[in-house]
file query16.pdb (PDB, C-alpha atoms)
ATOM      1  CA  MET H1050       0.000   0.000   0.000
ATOM      2  CA  ALA H1051       1.360   3.405  -0.956
ATOM      3  CA  SER H1052       1.892   5.781   1.934
ATOM      4  CA  SER H1053       1.540   9.177   0.278
ATOM      5  CA  ALA H1054      -0.246  10.831  -2.634
ATOM      6  CA  LEU H1055      -0.264  14.246  -4.275
ATOM      7  CA  ILE H1056      -3.575  15.384  -5.801
ATOM      8  CA  THR H1057      -3.757  18.329  -8.168
ATOM      9  CA  GLY H1058      -7.290  19.681  -8.398
ATOM     10  CA  ILE H1059      -8.074  18.539  -4.856
ATOM     11  CA  THR H1060     -10.679  21.294  -4.423
ATOM     12  CA  GLY H1061     -12.747  20.027  -7.352
ATOM     13  CA  GLN H1062     -15.476  17.414  -7.451
ATOM     14  CA  ASP H1063     -13.191  14.459  -8.194
ATOM     15  CA  GLY H1064     -10.339  15.718  -6.052
ATOM     16  CA  SER H1065     -12.509  16.005  -2.962
ATOM     17  CA  TYR H1066     -13.910  12.488  -3.356
ATOM     18  CA  LEU H1067     -10.445  11.087  -4.074
ATOM     19  CA  ALA H1068      -9.027  12.804  -0.975
ATOM     20  CA  GLU H1069     -11.757  11.218   1.157
ATOM     21  CA  PHE H1070     -11.098   7.827  -0.417
ATOM     22  CA  LEU H1071      -7.324   7.930   0.064
ATOM     23  CA  LEU H1072      -7.567   9.212   3.640
ATOM     24  CA  GLY H1073      -9.871   6.271   4.313
ATOM     25  CA  LYS H1074      -7.116   3.999   2.973
ATOM     26  CA  GLY H1075      -4.593   5.458   5.419
ATOM     27  CA  TYR H1076      -2.691   7.656   2.972
ATOM     28  CA  GLN H1077      -0.837  10.850   3.763
ATOM     29  CA  VAL H1078      -2.584  13.137   1.286
ATOM     30  CA  HIS H1079      -1.095  16.309  -0.181
ATOM     31  CA  GLY H1080      -3.254  18.640  -2.233
ATOM     32  CA  LEU H1081      -2.268  21.366  -4.674
ATOM     33  CA  VAL H1082      -4.435  24.461  -4.205
ATOM     34  CA  ARG H1083      -4.485  27.669  -6.229
ATOM     35  CA  ARG H1084      -4.269  30.892  -4.259
ATOM     36  CA  ALA H1085      -7.586  32.741  -4.548
ATOM     37  CA  SER H1086      -9.109  35.825  -2.925
ATOM     38  CA  THR H1087     -12.424  33.996  -2.580
ATOM     39  CA  ASP H1088     -13.139  30.718  -0.810
ATOM     40  CA  ASN H1089     -12.297  27.752  -3.037
ATOM     41  CA  LEU H1090     -12.165  25.076  -0.333
ATOM     42  CA  GLN H1091     -15.899  24.367   0.019
ATOM     43  CA  ARG H1092     -15.723  20.774  -1.193
ATOM     44  CA  ILE H1093     -12.922  19.795   1.202
ATOM     45  CA  ARG H1094     -13.792  21.989   4.185
ATOM     46  CA  HIS H1095     -14.853  18.925   6.183
ATOM     47  CA  LEU H1096     -11.366  17.460   5.654
ATOM     48  CA  LEU H1097      -9.240  20.473   6.559
ATOM     49  CA  GLU H1098      -8.577  19.386  10.143
ATOM     50  CA  HIS H1099      -7.581  15.853   9.154
ATOM     51  CA  GLU H1100      -4.118  15.073  10.497
ATOM     52  CA  ARG H1101      -3.041  13.320   7.290
ATOM     53  CA  LEU H1102      -4.106  16.062   4.883
ATOM     54  CA  THR H1103      -1.717  18.858   3.914
ATOM     55  CA  LEU H1104      -2.479  21.577   1.378
ATOM     56  CA  HIS H1105       0.183  23.335  -0.679
ATOM     57  CA  TYR H1106      -0.282  26.511  -2.707
ATOM     58  CA  GLY H1107       0.685  26.013  -6.329
ATOM     59  CA  ASP H1108      -0.495  25.910  -9.914
ATOM     60  CA  LEU H1109       0.018  23.759 -12.997
ATOM     61  CA  THR H1110       1.252  26.878 -14.809
ATOM     62  CA  ASP H1111       4.235  27.123 -12.428
ATOM     63  CA  GLY H1112       6.745  24.472 -13.464
ATOM     64  CA  GLY H1113       9.390  25.559 -10.971
ATOM     65  CA  GLY H1114       6.962  25.317  -8.079
ATOM     66  CA  LEU H1115       5.819  21.868  -9.176
ATOM     67  CA  THR H1116       9.415  20.656  -9.453
ATOM     68  CA  ARG H1117      10.273  21.856  -5.935
ATOM     69  CA  LEU H1118       7.085  20.410  -4.461
ATOM     70  CA  VAL H1119       7.457  16.948  -6.013
ATOM     71  CA  ALA H1120      11.143  16.798  -5.040
ATOM     72  CA  ALA H1121      10.302  17.698  -1.448
ATOM     73  CA  LEU H1122       7.297  15.393  -1.023
ATOM     74  CA  LYS H1123       8.508  12.392  -3.039
ATOM     75  CA  PRO H1124       4.914  11.110  -3.283
ATOM     76  CA  ALA H1125       4.320   7.435  -4.021
ATOM     77  CA  GLU H1126       1.338   8.371  -6.210
ATOM     78  CA  VAL H1127       0.418  11.509  -8.140
ATOM     79  CA  TYR H1128      -3.132  12.135  -9.371
ATOM     80  CA  ASN H1129      -3.374  14.931 -11.949
ATOM     81  CA  LEU H1130      -7.000  16.042 -11.792
ATOM     82  CA  ALA H1131      -6.474  19.797 -12.207
ATOM     83  CA  ALA H1132      -7.713  21.425 -15.411
ATOM     84  CA  GLN H1133      -9.797  24.169 -16.926
ATOM     85  CA  SER H1134     -12.553  21.611 -17.150
ATOM     86  CA  HIS H1135     -15.542  23.318 -18.744
ATOM     87  CA  VAL H1136     -15.929  22.418 -22.424
ATOM     88  CA  LYS H1137     -18.031  25.419 -23.484
ATOM     89  CA  ILE H1138     -15.736  27.880 -21.684
ATOM     90  CA  SER H1139     -12.688  26.352 -23.385
ATOM     91  CA  PHE H1140     -13.867  27.901 -26.665
ATOM     92  CA  ASP H1141     -13.623  31.320 -24.985
ATOM     93  CA  THR H1142     -10.290  30.646 -23.245
ATOM     94  CA  PRO H1143      -8.329  28.283 -25.508
ATOM     95  CA  ASP H1144      -4.888  29.640 -24.533
ATOM     96  CA  TYR H1145      -5.517  29.278 -20.820
ATOM     97  CA  THR H1146      -7.181  25.883 -21.237
ATOM     98  CA  THR H1147      -4.176  24.590 -23.172
ATOM     99  CA  ASP H1148      -1.638  26.043 -20.737
ATOM    100  CA  VAL H1149      -3.255  24.427 -17.693
ATOM    101  CA  THR H1150      -4.734  21.233 -19.079
ATOM    102  CA  ALA H1151      -2.122  20.243 -21.671
ATOM    103  CA  VAL H1152       1.176  21.941 -20.829
ATOM    104  CA  GLY H1153       0.395  21.650 -17.117
ATOM    105  CA  ALA H1154       0.550  17.872 -17.449
ATOM    106  CA  VAL H1155       3.996  18.141 -19.075
ATOM    107  CA  ARG H1156       5.237  20.335 -16.233
ATOM    108  CA  LEU H1157       4.034  17.824 -13.663
ATOM    109  CA  LEU H1158       5.485  14.845 -15.529
ATOM    110  CA  GLU H1159       8.816  16.644 -15.908
ATOM    111  CA  ALA H1160       8.790  17.408 -12.178
ATOM    112  CA  ILE H1161       8.403  13.696 -11.461
ATOM    113  CA  ARG H1162      11.109  12.752 -13.937
ATOM    114  CA  SER H1163      13.608  15.329 -12.654
ATOM    115  CA  ALA H1164      13.034  14.192  -9.067
ATOM    116  CA  GLY H1165      14.153  10.697 -10.054
ATOM    117  CA  ILE H1166      11.580   8.976  -7.866
ATOM    118  CA  GLU H1167       9.493   5.836  -8.362
ATOM    119  CA  THR H1168       6.136   7.599  -8.503
ATOM    120  CA  ARG H1169       2.976   6.157 -10.014
ATOM    121  CA  TYR H1170       1.089   8.760 -12.026
ATOM    122  CA  TYR H1171      -2.611   9.058 -12.888
ATOM    123  CA  GLN H1172      -3.750  11.338 -15.708
ATOM    124  CA  ALA H1173      -7.391  12.395 -15.812
ATOM    125  CA  SER H1174      -8.287  11.879 -19.460
ATOM    126  CA  SER H1175     -11.776  12.483 -20.813
ATOM    127  CA  SER H1176     -14.413  10.905 -23.030
ATOM    128  CA  GLU H1177     -14.576  14.298 -24.779
ATOM    129  CA  MET H1178     -11.406  13.188 -26.604
ATOM    130  CA  PHE H1179     -13.592  10.863 -28.697
ATOM    131  CA  GLY H1180     -15.640  13.849 -29.880
ATOM    132  CA  GLN H1181     -17.075  13.024 -33.280
ATOM    133  CA  VAL H1182     -17.121   9.340 -32.491
ATOM    134  CA  ARG H1183     -15.882   6.750 -34.974
ATOM    135  CA  GLU H1184     -17.627   3.815 -33.292
ATOM    136  CA  THR H1185     -20.150   3.100 -30.555
ATOM    137  CA  PRO H1186     -19.560   2.170 -27.818
ATOM    138  CA  GLN H1187     -16.128   3.726 -27.362
ATOM    139  CA  THR H1188     -13.230   1.645 -26.029
ATOM    140  CA  GLU H1189      -9.559   2.238 -25.265
ATOM    141  CA  ALA H1190      -8.829   1.459 -28.938
ATOM    142  CA  THR H1191     -11.396   3.838 -30.478
ATOM    143  CA  PRO H1192      -9.752   6.611 -32.571
ATOM    144  CA  PHE H1193      -9.961  10.099 -31.107
ATOM    145  CA  HIS H1194     -11.547  13.120 -32.798
ATOM    146  CA  PRO H1195     -11.684  15.980 -30.251
ATOM    147  CA  ARG H1196     -14.239  18.735 -30.878
ATOM    148  CA  SER H1197     -13.220  21.485 -28.412
ATOM    149  CA  PRO H1198     -10.069  23.183 -27.097
ATOM    150  CA  TYR H1199     -10.678  21.333 -23.827
ATOM    151  CA  ALA H1200     -10.765  17.952 -25.581
ATOM    152  CA  CYS H1201      -7.657  18.788 -27.629
ATOM    153  CA  ALA H1202      -5.786  19.765 -24.463
ATOM    154  CA  LYS H1203      -6.897  16.587 -22.708
ATOM    155  CA  LEU H1204      -5.781  14.520 -25.684
ATOM    156  CA  PHE H1205      -2.306  16.059 -25.546
ATOM    157  CA  ALA H1206      -2.073  15.287 -21.814
ATOM    158  CA  HIS H1207      -3.245  11.735 -22.521
ATOM    159  CA  TRP H1208      -0.619  11.113 -25.217
ATOM    160  CA  ILE H1209       2.226  12.778 -23.295
ATOM    161  CA  THR H1210       1.491  10.408 -20.412
ATOM    162  CA  ILE H1211       1.804   7.459 -22.792
ATOM    163  CA  ASN H1212       5.007   8.993 -24.178
ATOM    164  CA  PHE H1213       6.569   9.272 -20.712
ATOM    165  CA  ARG H1214       5.532   5.686 -20.024
ATOM    166  CA  GLU H1215       7.183   4.422 -23.182
ATOM    167  CA  ALA H1216      10.217   6.728 -23.217
ATOM    168  CA  TYR H1217      11.134   6.823 -19.527
ATOM    169  CA  GLY H1218       9.458   3.788 -17.991
ATOM    170  CA  LEU H1219       7.042   5.908 -15.954
ATOM    171  CA  HIS H1220       4.232   3.989 -14.264
ATOM    172  CA  GLY H1221       1.656   6.251 -15.878
ATOM    173  CA  CYS H1222      -2.046   5.480 -16.308
ATOM    174  CA  SER H1223      -4.800   7.456 -17.980
ATOM    175  CA  GLY H1224      -8.411   7.078 -16.962
ATOM    176  CA  ILE H1225     -10.694   7.930 -19.884
ATOM    177  CA  LEU H1226     -13.594   8.898 -17.666
ATOM    178  CA  PHE H1227     -17.001   9.416 -19.179
ATOM    179  CA  ASN H1228     -19.288  12.008 -17.611
ATOM    180  CA  HIS H1229     -19.379  11.590 -13.860
ATOM    181  CA  GLU H1230     -21.570  13.712 -11.649
ATOM    182  CA  SER H1231     -22.508  14.347  -8.024
ATOM    183  CA  PRO H1232     -23.949  17.000  -5.713
ATOM    184  CA  ARG H1233     -20.418  18.478  -5.710
ATOM    185  CA  ARG H1234     -20.497  19.129  -9.458
ATOM    186  CA  GLY H1235     -20.024  22.768 -10.472
ATOM    187  CA  GLU H1236     -23.244  24.652 -11.142
ATOM    188  CA  SER H1237     -22.311  25.438 -14.759
ATOM    189  CA  PHE H1238     -22.293  21.740 -15.733
ATOM    190  CA  VAL H1239     -25.582  20.570 -17.215
ATOM    191  CA  THR H1240     -26.415  17.881 -14.629
ATOM    192  CA  ARG H1241     -25.952  20.219 -11.680
ATOM    193  CA  LYS H1242     -27.526  23.106 -13.563
ATOM    194  CA  VAL H1243     -30.637  20.950 -13.987
ATOM    195  CA  SER H1244     -30.749  19.556 -10.447
ATOM    196  CA  LEU H1245     -30.272  22.990  -8.884
ATOM    197  CA  ALA H1246     -32.836  24.643 -11.149
ATOM    198  CA  VAL H1247     -35.399  21.922 -10.421
ATOM    199  CA  ALA H1248     -34.909  22.416  -6.687
ATOM    200  CA  ARG H1249     -35.186  26.204  -7.017
ATOM    201  CA  ILE H1250     -38.298  25.987  -9.216
ATOM    202  CA  LYS H1251     -39.931  23.557  -6.794
ATOM    203  CA  LEU H1252     -39.307  26.022  -3.953
ATOM    204  CA  GLY H1253     -40.543  29.017  -5.960
ATOM    205  CA  LEU H1254     -37.087  30.596  -6.263
ATOM    206  CA  GLN H1255     -36.796  30.335 -10.061
ATOM    207  CA  GLU H1256     -39.244  30.343 -12.971
ATOM    208  CA  LYS H1257     -37.491  28.775 -15.964
ATOM    209  CA  LEU H1258     -34.560  26.542 -16.898
ATOM    210  CA  ALA H1259     -32.687  27.393 -20.120
ATOM    211  CA  LEU H1260     -30.770  24.581 -21.824
ATOM    212  CA  GLY H1261     -28.950  23.943 -25.084
ATOM    213  CA  ASN H1262     -28.974  20.688 -27.050
ATOM    214  CA  LEU H1263     -31.604  18.452 -25.452
ATOM    215  CA  GLU H1264     -30.728  15.508 -27.697
ATOM    216  CA  ALA H1265     -27.045  15.290 -26.744
ATOM    217  CA  LYS H1266     -26.390  11.809 -25.337
ATOM    218  CA  ARG H1267     -23.977  11.117 -22.503
ATOM    219  CA  ASP H1268     -22.824   8.197 -20.371
ATOM    220  CA  TRP H1269     -23.393   9.581 -16.856
ATOM    221  CA  GLY H1270     -22.077   7.943 -13.682
ATOM    222  CA  TYR H1271     -21.507   8.812 -10.018
ATOM    223  CA  ALA H1272     -18.198  10.603  -9.400
ATOM    224  CA  LYS H1273     -17.797   9.157  -5.908
ATOM    225  CA  GLU H1274     -17.526   5.679  -7.445
ATOM    226  CA  TYR H1275     -15.196   6.741 -10.253
ATOM    227  CA  VAL H1276     -12.342   7.833  -7.962
ATOM    228  CA  GLU H1277     -11.921   4.237  -6.802
ATOM    229  CA  ALA H1278     -11.149   3.295 -10.410
ATOM    230  CA  MET H1279      -8.361   5.891 -10.459
ATOM    231  CA  TRP H1280      -6.784   4.305  -7.405
ATOM    232  CA  LEU H1281      -7.197   0.766  -8.707
ATOM    233  CA  MET H1282      -5.255   1.639 -11.874
ATOM    234  CA  LEU H1283      -2.209   2.641  -9.846
ATOM    235  CA  GLN H1284      -2.302  -0.552  -7.782
ATOM    236  CA  ARG H1285      -1.572  -2.710 -10.819
ATOM    237  CA  ASP H1286       2.036  -3.602 -11.599
ATOM    238  CA  GLU H1287       1.471  -3.012 -15.309
ATOM    239  CA  PRO H1288       0.366   0.540 -16.183
ATOM    240  CA  GLY H1289      -2.324   1.090 -18.776
ATOM    241  CA  ASP H1290      -5.268   3.189 -19.917
ATOM    242  CA  TYR H1291      -8.890   2.477 -19.039
ATOM    243  CA  VAL H1292     -12.343   3.605 -20.114
ATOM    244  CA  ILE H1293     -14.408   4.271 -16.994
ATOM    245  CA  ALA H1294     -18.116   4.422 -17.783
ATOM    246  CA  THR H1295     -21.528   2.912 -17.026
ATOM    247  CA  GLY H1296     -22.142   1.462 -20.482
ATOM    248  CA  GLU H1297     -25.474   3.323 -20.740
ATOM    249  CA  THR H1298     -26.299   6.555 -22.535
ATOM    250  CA  HIS H1299     -29.089   9.073 -21.898
ATOM    251  CA  THR H1300     -30.118  12.397 -23.419
ATOM    252  CA  VAL H1301     -30.210  15.785 -21.729
ATOM    253  CA  ARG H1302     -33.972  15.581 -22.305
ATOM    254  CA  GLU H1303     -34.146  12.379 -20.225
ATOM    255  CA  LEU H1304     -32.040  13.992 -17.513
ATOM    256  CA  THR H1305     -34.454  16.911 -17.345
ATOM    257  CA  GLU H1306     -37.557  14.686 -17.349
ATOM    258  CA  VAL H1307     -36.284  12.517 -14.484
ATOM    259  CA  ALA H1308     -35.281  15.529 -12.399
ATOM    260  CA  PHE H1309     -38.610  17.365 -12.749
ATOM    261  CA  ASP H1310     -40.626  14.175 -12.347
ATOM    262  CA  HIS H1311     -38.858  13.539  -9.036
ATOM    263  CA  VAL H1312     -40.453  16.693  -7.584
ATOM    264  CA  GLY H1313     -43.806  16.190  -9.301
ATOM    265  CA  LEU H1314     -43.431  18.833 -12.031
ATOM    266  CA  ASP H1315     -43.882  18.720 -15.814
ATOM    267  CA  TRP H1316     -40.460  19.520 -17.305
ATOM    268  CA  GLU H1317     -41.926  20.984 -20.519
ATOM    269  CA  LYS H1318     -43.680  23.761 -18.575
ATOM    270  CA  TYR H1319     -40.441  25.031 -17.064
ATOM    271  CA  THR H1320     -37.771  24.341 -19.684
ATOM    272  CA  GLU H1321     -36.775  26.379 -22.725
ATOM    273  CA  VAL H1322     -34.047  25.932 -25.330
ATOM    274  CA  ASP H1323     -31.519  28.744 -25.719
ATOM    275  CA  SER H1324     -29.065  28.635 -28.631
ATOM    276  CA  ALA H1325     -26.500  30.456 -26.482
ATOM    277  CA  TYR H1326     -25.836  27.141 -24.735
ATOM    278  CA  TYR H1327     -24.973  25.260 -27.919
ATOM    279  CA  ARG H1328     -21.286  24.558 -28.518
ATOM    280  CA  PRO H1329     -19.577  25.762 -31.722
ATOM    281  CA  ALA H1330     -18.847  22.083 -32.453
ATOM    282  CA  GLU H1331     -21.237  19.634 -30.808
ATOM    283  CA  VAL H1332     -20.492  16.168 -29.471
ATOM    284  CA  ASP H1333     -23.706  14.259 -30.085
ATOM    285  CA  LEU H1334     -23.120  10.842 -28.537
ATOM    286  CA  LEU H1335     -20.770   9.411 -25.915
ATOM    287  CA  LEU H1336     -21.132   5.831 -24.692
ATOM    288  CA  GLY H1337     -18.285   3.969 -23.023
ATOM    289  CA  ASN H1338     -17.469   0.265 -22.913
ATOM    290  CA  PRO H1339     -15.957  -0.367 -19.438
ATOM    291  CA  GLU H1340     -15.192  -4.057 -20.070
ATOM    292  CA  LYS H1341     -11.414  -3.685 -19.644
ATOM    293  CA  ALA H1342     -11.926  -1.983 -16.270
ATOM    294  CA  ARG H1343     -14.269  -4.774 -15.185
ATOM    295  CA  ARG H1344     -11.798  -7.437 -16.272
ATOM    296  CA  ASP H1345      -8.530  -5.931 -15.045
ATOM    297  CA  LEU H1346      -9.595  -3.741 -12.131
ATOM    298  CA  GLY H1347     -12.718  -5.484 -10.895
ATOM    299  CA  TRP H1348     -14.492  -2.114 -11.127
ATOM    300  CA  GLU H1349     -17.985  -1.336 -12.354
ATOM    301  CA  ALA H1350     -20.460   1.489 -11.856
ATOM    302  CA  LYS H1351     -23.126   0.802  -9.247
ATOM    303  CA  THR H1352     -25.387   3.867  -9.158
ATOM    304  CA  LYS H1353     -27.975   3.984 -11.936
ATOM    305  CA  PHE H1354     -28.688   7.106 -13.978
ATOM    306  CA  ALA H1355     -32.133   7.902 -12.547
ATOM    307  CA  ASP H1356     -30.958   7.291  -8.978
ATOM    308  CA  LEU H1357     -28.036   9.679  -9.513
ATOM    309  CA  VAL H1358     -30.310  12.417 -10.850
ATOM    310  CA  ARG H1359     -32.695  12.020  -7.901
ATOM    311  CA  LEU H1360     -29.809  12.055  -5.437
ATOM    312  CA  MET H1361     -28.556  15.345  -6.879
ATOM    313  CA  VAL H1362     -32.006  16.964  -6.783
ATOM    314  CA  ASP H1363     -32.507  15.839  -3.174
ATOM    315  CA  GLU H1364     -29.164  17.308  -2.108
ATOM    316  CA  ASP H1365     -29.929  20.630  -3.783
ATOM    317  CA  LEU H1366     -33.345  20.758  -2.141
ATOM    318  CA  LYS H1367     -31.768  20.034   1.236
ATOM    319  CA  ALA H1368     -29.138  22.743   0.782
ATOM    320  CA  LEU H1369     -31.668  25.366  -0.318
ATOM    321  CA  GLN H1370     -33.973  24.588   2.609
ATOM    322  CA  GLY H1371     -31.090  25.012   5.044
TER     323      GLY H1371
END

call {"tool": "encode", "arguments": {"input": "query16.pdb", "output": "structure tokens"}}
result
Amino acid sequence: MASSALITGITGQDGSYLAEFLLGKGYQVHGLVRRASTDNLQRIRHLLEHERLTLHYGDLTDGGGLTRLVAALKPAEVYNLAAQSHVKISFDTPDYTTDVTAVGAVRLLEAIRSAGIETRYYQASSSEMFGQVRETPQTEATPFHPRSPYACAKLFAHWITINFREAYGLHGCSGILFNHESPRRGESFVTRKVSLAVARIKLGLQEKLALGNLEAKRDWGYAKEYVEAMWLMLQRDEPGDYVIATGETHTVRELTEVAFDHVGLDWEKYTEVDSAYYRPAEVDLLLGNPEKARRDLGWEAKTKFADLVRLMVDEDLKALQG
């Protein structure tokens, strides 16, 4: 069992669940946190007093800082979850998205290499890399066709991890995670946007929900379960890349129907389509085949789509009601 781990993006949805998971396994957990003038620790506030959690200020744009931190900590495992992670926003900030999400991965990998330590590395890859899909369902062998600056940046980070594995013998794994959601999801992501709006409409705090492409299909799972797959990859002696998914796909329309139905409302009365939420280049269908993860890792998704949507609506209702 590894004794220490460094998590970039620890304040995000996945990072907070992974920190909980690793602390439960007895790890000494180190988290990279960006300095901010506003509170960015909400998702890990309940962990801040944990004796085995240490936060370090830093950023994936600061290669020197990353090199010093990795050399000092000598972590047994590194989980690179940090990114500019919003697909639509990546069209507005392509330079920044590339610097953090793509080049940031190189800086972190170079920090590990220059430290000369036997670290196992996890790269958070994305199903968005498949983009305009060549086959359905998508597997580890499906060709990539990214359709956004975010997806292009993720694809670079994915391939540079493979390059470091092949060129330098790094124990590097990439998890090609399909959409994974939770009550900790950011409010600008469609699942959380829907669950929060449904809760607000039910309580009389909002009148309408504006959405983009209702027919977009996604493979949605529960983020809390997906972080275990990240850890399982690094426990194997042979590094590799894995699709992590449920093997089911649902439309944004279905998501909206289930959410409104859960609170006894007709979704069509409260939902409107706004072209402002369409992407310049749409990704119409994502559906993962997690067979390799089942076979090699013994991992499979447990929470069903409708149960996840209801869970998120319930948590938003609870939060709004105090």

call {"tool": "atom_distance", "arguments": {"input": "query16.pdb", "atom1": "CA of Ala1325 in chain H", "atom2": "CA of Arg1196 in chain H"}}
result
17.5 Å

call {"tool": "residues_around", "arguments": {"input": "query16.pdb", "residues": "Trp1316 in chain H", "least_positions_apart": "4", "cutoff": "8 Å", "atoms": "only C-alpha atoms", "output": "list in words"}}
result
Thr1305, Glu1306, Phe1309, Asp1310 and Thr1320 of chain H

call {"tool": "closest_residue", "arguments": {"input": "query16.pdb", "among": "H:Thr1298, H:Gln1077, H:Gln1284, H:Gln1062", "to": "Ile1093 in chain H", "atoms": "all atoms listed in the file"}}
result
H:Gln1062

call {"tool": "resolve_selection", "arguments": {"input": "query16.pdb", "expression": "the PyMOL selection byres ((chain H and resi 1334) around 9)", "output": "list of chain:residue names"}}
result
H:Gly1180, H:Gln1181, H:Val1182, H:Thr1185, H:Glu1264, H:Ala1265, H:Lys1266, H:Arg1267, H:Asp1268, H:Thr1298, H:Thr1300, H:Val1332, H:Asp1333, H:Leu1335, H:Leu1336

call {"tool": "residues_around", "arguments": {"input": "query16.pdb", "residues": "His1207 in chain H", "least_positions_apart": "6", "cutoff": "8 Å", "atoms": "all atoms listed in the file", "output": "compact mmCIF listing (two decimals) with C-alpha atoms, keeping the file's coordinate frame"}}
result
# COMPACT_ATOMS: atom_id res chain seq x y z
CA GLN H 1172 -3.75 11.34 -15.71
CA ALA H 1173 -7.39 12.40 -15.81
CA SER H 1174 -8.29 11.88 -19.46
CA SER H 1223 -4.80 7.46 -17.98

call {"tool": "residues_around", "arguments": {"input": "query16.pdb", "residues": "Lys1074 in chain H", "least_positions_apart": "5", "cutoff": "12 Å", "atoms": "all atoms listed in the file", "output": "list in words"}}
result
Met1050, Ala1051, Ser1052, Ser1053, Ala1054, Leu1067, Ala1068, Glu1069, Arg1101, Glu1277 and Trp1280 of chain H

call {"tool": "resolve_selection", "arguments": {"input": "query16.pdb", "expression": "the PyMOL selection byres ((chain H and resi 1161) around 12)", "output": "ChimeraX atom specification"}}
result
/H:1055,1112-1113,1115-1129,1154-1160,1162-1170,1210,1213,1217-1221

call {"tool": "atom_distance", "arguments": {"input": "query16.pdb", "atom1": "CA of Glu1189 in chain H", "atom2": "CA of Tyr1076 in chain H"}}
result
29.6 Å

call {"tool": "residues_around", "arguments": {"input": "query16.pdb", "residues": "Gln1255 in chain H", "least_positions_apart": "4", "cutoff": "12 Å", "atoms": "only C-alpha atoms", "output": "JSON, numbers by chain"}}
result
{"H": [1243, 1245, 1246, 1247, 1248, 1249, 1250, 1251, 1259, 1319, 1320]}

call {"tool": "closest_residue", "arguments": {"input": "query16.pdb", "among": "H:Ala1294, H:Leu1263, H:Glu1184, H:Asp1286", "to": "Gly1224 in chain H", "atoms": "only C-alpha atoms"}}
result
H:Ala1294

call {"tool": "closest_residue", "arguments": {"input": "query16.pdb", "among": "H:Leu1072, H:Cys1222, H:Leu1260, H:Leu1104", "to": "Tyr1327 in chain H", "atoms": "all atoms listed in the file"}}
result
H:Leu1260

call {"tool": "resolve_selection", "arguments": {"input": "query16.pdb", "expression": "the PyMOL selection byres ((chain H and resi 1240) around 9)", "output": "PyMOL selection string"}}
result
chain H and resi 1230-1231+1234+1236-1239+1241-1245+1301+1304-1305+1358+1361

call {"tool": "atom_distance", "arguments": {"input": "query16.pdb", "atom1": "CA of Val1082 in chain H", "atom2": "CA of Met1279 in chain H"}}
result
20.0 Å

call {"tool": "residues_around", "arguments": {"input": "query16.pdb", "residues": "Glu1349 in chain H", "least_positions_apart": "2", "cutoff": "10 Å", "atoms": "all atoms listed in the file", "output": "PyMOL selection string"}}
result
chain H and resi 1274-1275+1277-1278+1293-1296+1339-1340+1342-1344+1346-1347+1351-1352

call {"tool": "closest_residue", "arguments": {"input": "query16.pdb", "among": "H:Phe1070, H:Asp1290, H:Glu1256, H:Gly1261", "to": "Arg1214 in chain H", "atoms": "all atoms listed in the file"}}
result
H:Asp1290
